[in-house]
$ cat entry39.cif   # mmCIF, C-alpha atoms
data_input
loop_
_atom_site.label_atom_id
_atom_site.label_comp_id
_atom_site.auth_asym_id
_atom_site.auth_seq_id
_atom_site.Cartn_x
_atom_site.Cartn_y
_atom_site.Cartn_z
CA MET G 22 7.36 15.41 -3.29
CA ALA G 23 6.20 18.29 -1.13
CA LYS G 24 2.76 19.74 -1.83
CA ASN G 25 4.26 23.01 -3.10
CA ASP G 26 6.30 21.15 -5.74
CA VAL G 27 5.27 20.94 -9.37
CA THR G 28 4.47 17.37 -10.43
CA ILE G 29 3.64 18.11 -14.07
CA ARG G 30 5.03 20.93 -16.17
CA THR G 31 4.53 21.49 -19.88
CA GLN G 32 5.80 24.33 -22.03
CA ARG G 33 4.32 24.98 -25.48
CA LEU G 34 3.52 21.29 -25.84
CA ASN G 35 2.26 20.26 -29.26
CA LYS G 36 1.21 17.00 -30.87
CA SER G 37 0.14 16.59 -34.48
CA PHE G 38 -1.10 13.56 -36.36
CA GLY G 39 -0.57 14.51 -39.98
CA THR G 40 -2.65 17.63 -40.57
CA VAL G 41 -4.58 17.20 -37.31
CA GLN G 42 -3.18 19.09 -34.34
CA ALA G 43 -4.38 17.26 -31.23
CA VAL G 44 -2.55 19.41 -28.65
CA ARG G 45 -1.76 23.09 -29.19
CA ASN G 46 0.87 25.05 -27.25
CA LEU G 47 -0.12 23.55 -23.91
CA ASP G 48 1.37 25.39 -20.92
CA LEU G 49 0.39 23.60 -17.74
CA ASP G 50 1.60 23.25 -14.16
CA VAL G 51 0.04 20.68 -11.81
CA MET G 52 1.05 20.83 -8.17
CA ALA G 53 2.00 17.80 -6.07
CA GLY G 54 -0.85 16.35 -4.05
CA SER G 55 -3.52 18.05 -6.15
CA ARG G 56 -6.48 16.49 -7.88
CA PHE G 57 -6.41 17.97 -11.36
CA GLY G 58 -9.44 17.47 -13.58
CA PHE G 59 -9.01 17.62 -17.35
CA LEU G 60 -12.38 18.31 -18.97
CA GLY G 61 -13.26 18.68 -22.60
CA PRO G 62 -15.35 17.22 -25.42
CA ASN G 63 -14.41 14.07 -27.31
CA GLY G 64 -11.43 14.75 -29.53
CA ALA G 65 -10.26 17.73 -27.47
CA GLY G 66 -6.80 16.18 -26.90
CA LYS G 67 -7.16 14.92 -23.32
CA THR G 68 -6.07 11.33 -23.93
CA THR G 69 -3.27 12.44 -26.25
CA THR G 70 -1.94 14.69 -23.49
CA VAL G 71 -2.06 11.83 -20.97
CA ARG G 72 -0.24 9.49 -23.35
CA ILE G 73 2.54 12.07 -23.78
CA LEU G 74 2.85 12.74 -20.04
CA SER G 75 2.92 9.03 -19.19
CA GLY G 76 5.73 8.33 -21.66
CA LEU G 77 3.66 6.38 -24.19
CA LEU G 78 3.74 8.95 -26.97
CA LYS G 79 6.29 11.51 -28.15
CA GLN G 80 5.24 15.11 -28.57
CA THR G 81 5.76 16.87 -31.89
CA SER G 82 7.34 19.87 -30.16
CA GLY G 83 7.56 21.55 -26.79
CA TYR G 84 8.65 20.24 -23.40
CA ALA G 85 7.06 18.15 -20.67
CA GLU G 86 8.32 16.84 -17.37
CA VAL G 87 6.69 14.61 -14.76
CA CYS G 88 7.97 14.38 -11.18
CA GLY G 89 11.08 16.24 -12.32
CA LEU G 90 11.70 13.77 -15.15
CA ASP G 91 11.85 14.60 -18.86
CA VAL G 92 9.11 12.51 -20.49
CA ASN G 93 11.31 11.83 -23.53
CA LYS G 94 14.70 11.22 -21.94
CA ASP G 95 13.50 9.42 -18.80
CA ARG G 96 10.61 7.30 -20.08
CA ASP G 97 11.31 4.23 -17.94
CA ALA G 98 11.70 6.35 -14.81
CA VAL G 99 8.45 8.19 -15.60
CA LYS G 100 6.59 4.87 -15.92
CA ALA G 101 8.05 3.71 -12.58
CA VAL G 102 6.66 6.67 -10.61
CA THR G 103 3.31 6.99 -12.38
CA GLY G 104 0.18 4.88 -12.72
CA LEU G 105 -2.10 4.94 -15.73
CA LEU G 106 -5.68 3.75 -16.11
CA PRO G 107 -6.54 4.19 -19.81
CA GLU G 108 -10.08 4.65 -21.01
CA THR G 109 -10.18 1.20 -22.66
CA PRO G 110 -7.84 -1.05 -20.63
CA GLY G 111 -7.48 -4.79 -21.04
CA LEU G 112 -7.93 -7.61 -18.55
CA TYR G 113 -6.90 -11.26 -18.58
CA SER G 114 -10.34 -12.76 -18.04
CA LYS G 115 -9.03 -16.26 -17.25
CA LEU G 116 -7.20 -14.95 -14.16
CA SER G 117 -8.71 -14.19 -10.79
CA ALA G 118 -8.50 -10.67 -9.39
CA VAL G 119 -5.63 -11.69 -7.10
CA GLU G 120 -3.76 -13.44 -9.91
CA PHE G 121 -4.16 -10.43 -12.20
CA LEU G 122 -2.90 -8.03 -9.53
CA GLU G 123 0.03 -10.38 -8.74
CA PHE G 124 0.90 -10.25 -12.43
CA ILE G 125 0.72 -6.44 -12.51
CA GLY G 126 2.78 -6.30 -9.31
CA ALA G 127 5.47 -8.49 -10.86
CA LEU G 128 5.63 -6.20 -13.89
CA ASN G 129 6.35 -3.36 -11.46
CA GLY G 130 8.96 -5.32 -9.51
CA ARG G 131 6.66 -6.06 -6.55
CA ASN G 132 6.19 -9.45 -4.91
CA GLY G 133 5.94 -11.27 -1.59
CA SER G 134 4.03 -10.33 1.52
CA ASP G 135 4.15 -6.58 0.93
CA LEU G 136 2.46 -7.01 -2.44
CA HIS G 137 -0.23 -9.26 -1.00
CA ARG G 138 -0.95 -6.82 1.82
CA ARG G 139 -1.38 -4.08 -0.77
CA ILE G 140 -3.67 -6.29 -2.87
CA ASP G 141 -5.80 -7.25 0.13
CA SER G 142 -6.05 -3.61 1.20
CA LEU G 143 -7.14 -2.31 -2.21
CA LEU G 144 -9.63 -5.12 -2.85
CA GLY G 145 -11.06 -4.58 0.63
CA ILE G 146 -11.46 -0.85 0.10
CA LEU G 147 -13.27 -1.46 -3.18
CA GLY G 148 -15.52 -4.17 -1.75
CA LEU G 149 -14.11 -7.13 -3.70
CA GLU G 150 -12.66 -9.17 -0.84
CA GLY G 151 -15.35 -11.87 -1.20
CA ARG G 152 -14.71 -12.32 -4.94
CA GLN G 153 -10.93 -12.01 -5.10
CA ASP G 154 -10.39 -15.64 -6.18
CA ASP G 155 -13.15 -15.71 -8.83
CA LEU G 156 -12.18 -15.48 -12.48
CA LEU G 157 -12.45 -11.98 -13.93
CA GLU G 158 -14.69 -13.31 -16.72
CA SER G 159 -17.40 -13.72 -14.07
CA TYR G 160 -17.16 -10.08 -12.96
CA SER G 161 -19.55 -7.33 -13.94
CA SER G 162 -18.12 -4.40 -15.91
CA GLY G 163 -18.15 -2.26 -12.76
CA MET G 164 -16.26 -4.89 -10.77
CA LYS G 165 -13.67 -5.16 -13.54
CA GLN G 166 -13.19 -1.40 -13.39
CA LYS G 167 -12.52 -1.64 -9.65
CA VAL G 168 -9.81 -4.23 -10.30
CA LEU G 169 -8.27 -1.98 -12.94
CA VAL G 170 -8.25 0.96 -10.54
CA SER G 171 -6.51 -1.29 -8.00
CA SER G 172 -3.89 -2.28 -10.57
CA THR G 173 -3.15 1.39 -11.25
CA LEU G 174 -2.55 2.11 -7.56
CA LEU G 175 -0.72 -1.14 -6.77
CA HIS G 176 2.88 0.14 -6.88
CA GLU G 177 2.05 3.30 -4.89
CA PRO G 178 2.81 5.79 -7.68
CA LYS G 179 3.47 9.45 -6.99
CA LEU G 180 1.25 10.47 -9.89
CA VAL G 181 -1.83 8.67 -11.19
CA PHE G 182 -3.44 9.29 -14.57
CA LEU G 183 -7.09 8.28 -14.68
CA ASP G 184 -8.84 8.43 -18.05
CA GLU G 185 -12.61 8.22 -17.45
CA PRO G 186 -12.20 6.28 -14.17
CA THR G 187 -15.94 6.02 -13.49
CA SER G 188 -16.95 4.60 -16.86
CA ARG G 189 -19.07 1.46 -16.44
CA LEU G 190 -19.46 2.11 -12.69
CA ASP G 191 -22.77 2.35 -10.86
CA PRO G 192 -23.36 5.30 -8.47
CA SER G 193 -22.19 3.42 -5.36
CA ALA G 194 -18.96 2.30 -7.01
CA THR G 195 -18.42 5.82 -8.35
CA ALA G 196 -18.75 7.13 -4.79
CA ILE G 197 -16.11 4.62 -3.63
CA ILE G 198 -13.68 5.75 -6.35
CA LYS G 199 -14.33 9.37 -5.40
CA ASP G 200 -13.63 8.71 -1.72
CA LEU G 201 -10.54 6.64 -2.56
CA ILE G 202 -9.07 9.50 -4.61
CA LEU G 203 -9.79 12.04 -1.88
CA VAL G 204 -8.24 9.88 0.86
CA LEU G 205 -5.13 8.95 -1.11
CA ALA G 206 -4.51 12.52 -2.24
CA GLU G 207 -4.74 13.72 1.36
CA GLU G 208 -2.86 10.94 3.16
CA THR G 209 -0.14 10.05 0.65
CA ASP G 210 0.44 13.24 -1.39
CA THR G 211 -0.50 11.24 -4.48
CA THR G 212 -1.24 13.55 -7.39
CA PHE G 213 -4.24 12.67 -9.56
CA PHE G 214 -4.66 13.78 -13.17
CA ILE G 215 -8.23 12.89 -14.07
CA CYS G 216 -9.76 13.01 -17.54
CA THR G 217 -13.53 12.84 -17.26
CA HIS G 218 -16.75 13.84 -18.95
CA MET G 219 -18.58 13.68 -15.63
CA THR G 220 -18.77 17.29 -14.48
CA GLY G 221 -20.47 16.32 -11.22
CA PHE G 222 -17.67 13.88 -10.42
CA ALA G 223 -15.03 16.49 -11.29
CA GLU G 224 -16.73 19.14 -9.18
CA ALA G 225 -16.81 16.77 -6.17
CA VAL G 226 -13.27 15.39 -6.53
CA CYS G 227 -10.99 17.93 -8.22
CA ASP G 228 -9.47 20.98 -6.57
CA VAL G 229 -8.24 22.37 -9.92
CA ILE G 230 -9.82 21.94 -13.33
CA GLY G 231 -8.52 22.68 -16.80
CA LEU G 232 -10.91 22.94 -19.75
CA LEU G 233 -9.47 21.73 -23.06
CA ASN G 234 -11.10 22.41 -26.41
CA GLU G 235 -9.66 21.61 -29.84
CA GLY G 236 -6.27 20.94 -28.27
CA GLU G 237 -6.06 24.27 -26.45
CA LEU G 238 -6.32 24.97 -22.74
CA VAL G 239 -9.25 27.38 -22.64
CA THR G 240 -9.26 28.12 -18.90
CA ARG G 241 -8.28 26.67 -15.54
CA GLY G 242 -9.11 27.23 -11.91
CA SER G 243 -10.95 25.71 -9.00
CA PRO G 244 -14.48 24.45 -9.71
CA GLN G 245 -15.91 27.44 -7.85
CA GLU G 246 -13.73 29.90 -9.78
CA LEU G 247 -14.90 28.46 -13.11
CA ILE G 248 -18.52 28.54 -11.99
CA GLU G 249 -18.29 32.16 -10.82
CA SER G 250 -16.34 33.39 -13.85
CA ALA G 251 -18.93 31.88 -16.20
CA GLY G 252 -21.86 33.15 -14.15
CA ALA G 253 -23.08 29.57 -13.94
CA ARG G 254 -25.15 27.50 -11.50
CA ASN G 255 -22.71 24.57 -11.34
CA LEU G 256 -19.73 23.12 -13.19
CA GLU G 257 -21.85 21.49 -15.87
CA ASP G 258 -23.48 24.82 -16.65
CA ALA G 259 -20.06 26.53 -16.67
CA TYR G 260 -18.67 23.85 -19.00
CA LEU G 261 -21.52 24.32 -21.46
CA LYS G 262 -21.17 28.11 -21.38
CA ILE G 263 -17.41 27.98 -21.97
CA VAL G 264 -17.12 25.06 -24.41
CA GLY G 265 -20.64 24.97 -25.85
CA GLY G 266 -22.91 22.02 -26.45
CA LYS G 267 -26.40 23.14 -25.47
CA VAL G 268 -29.25 21.92 -27.64
CA ASP G 269 -30.97 24.58 -29.72
CA ARG G 270 -34.58 23.77 -28.78
CA GLU G 271 -36.09 25.79 -31.64
CA VAL G 272 -34.02 23.88 -34.20
CA LEU G 273 -34.91 20.59 -32.52
CA LEU G 274 -38.65 21.37 -32.55
CA ALA G 275 -38.49 22.45 -36.19
CA TRP G 276 -36.72 19.21 -37.09
CA ARG G 277 -39.48 17.19 -35.39
#

$ encode --input "entry39.cif" --output "structure tokens"
Amino acid sequence: MAKNDVTIRTQRLNKSFGTVQAVRNLDLDVMAGSRFGFLGPNGAGKTTTVRILSGLLKQTSGYAEVCGLDVNKDRDAVKAVTGLLPETPGLYSKLSAVEFLEFIGALNGRNGSDLHRRIDSLLGILGLEGRQDDLLESYSSGMKQKVLVSSTLLHEPKLVFLDEPTSRLDPSATAIIKDLILVLAEETDTTFFICTHMTGFAEAVCDVIGLLNEGELVTRGSPQELIESAGARNLEDAYLKIVGGKVDREVLLAWR
């Protein structure tokens, strides 16, 4: 897709679970090749939105399309052109990194020398080339996260959903993930839709950010636009001013 194309489009998208409305009238356009950050407190509806857009969950009402595909009518096609790293993914700990990625590649119809070149490239970029044949049960949590990121990118998707991609990562590994996203978005026109609580990571990586609160899109814009509109020092300060969450020090001292 060209960079001026729309990769994600939603119109009055809603999702309810009984009496709880997780997503409310979401109107959203995400352009191809962009790095879109989805910020919001726990329970704001970020993961629910991702599950709808990736074809894993049906909306209650409204419309959503991904890469020109209706997320309800074209679910298999949506899954073929997207990658998803959920917040709590699973690993087969009795497999090595290479064996796990071969398995994921097979699920996506990839095999042979092309698949192995892709595996070698991703593991090399993420600094795992010396441990690729070790069982995943011997990996640290950060190393496992690197393998999971690799599995998400393995089939060269047009659109990648990353739900808290830096969880369990140390600062150096977080920097690698940041650089990987920036390089892939620039060189391959891959679109990234990133749910994160890390405002510093979002400010460094994302060119557009949407703030979600109680299922509603409160505001969107570039990190600098959000900072300036909130009269804030940085994105974290802007987030707290828009969504709330600062500690009332007088109440805290009185409680002590």

$ closest_residue --input "entry39.cif" --among "G:Leu169, G:Val71, G:Met219, G:Ala101" --to "Tyr113 (chain G)" --atoms "only C-alpha atoms"
G:Leu169

$ residues_around --input "entry39.cif" --residues "region 43-45 of chain G" --least-positions-apart "3" --cutoff "12 Å" --atoms "only C-alpha atoms" --output "JSON, numbers by chain"
{"G": [31, 32, 33, 34, 35, 36, 37, 38, 39, 40, 48, 49, 63, 64, 65, 66, 67, 68, 69, 70, 71, 72, 73, 79, 80, 81, 82, 83, 233, 234, 235, 236, 237, 238, 239]}

$ closest_atom_pairs --input "entry39.cif" --of "region 113-185 of chain G" --to "region 201-207 of chain G" --cutoff "12 Å" --atoms "all atoms listed in the file" --output "CSV"
residue,atom,partner,partner_atom,distance
G:Ser142,CA,G:Leu201,CA,11.8
G:Leu143,CA,G:Leu201,CA,9.6
G:Leu144,CA,G:Leu201,CA,11.8
G:Gly145,CA,G:Leu201,CA,11.7
G:Ile146,CA,G:Leu201,CA,8.0
G:Leu147,CA,G:Leu201,CA,8.6
G:Gly148,CA,G:Leu201,CA,11.9
G:Lys167,CA,G:Leu201,CA,11.1
G:Val170,CA,G:Leu201,CA,10.1
G:Ser171,CA,G:Leu201,CA,10.4
G:Leu174,CA,G:Leu205,CA,9.7
G:Glu177,CA,G:Leu205,CA,9.9
G:Pro178,CA,G:Leu205,CA,10.8
G:Lys179,CA,G:Ala206,CA,9.8
G:Leu180,CA,G:Ala206,CA,9.8
G:Val181,CA,G:Ile202,CA,9.8
G:Phe182,CA,G:Ile202,CA,11.4
G:Leu183,CA,G:Ile202,CA,10.3

$ closest_residue --input "entry39.cif" --among "G:Asn255, G:Asn132, G:Thr209, G:Ser117" --to "Leu157 (chain G)" --atoms "only C-alpha atoms"
G:Ser117

$ resolve_selection --input "entry39.cif" --expression "the PyMOL selection byres ((chain G and resi 240-253) around 10)" --output "MDAnalysis selection string"
chainID G and resid 49 57:60 220 223:234 237:239 254:263

$ resolve_selection --input "entry39.cif" --expression "the PyMOL selection byres ((chain G and resi 129) around 12)" --output "MDAnalysis selection string"
chainID G and resid 97:98 100:104 122:128 130:132 136 172:178
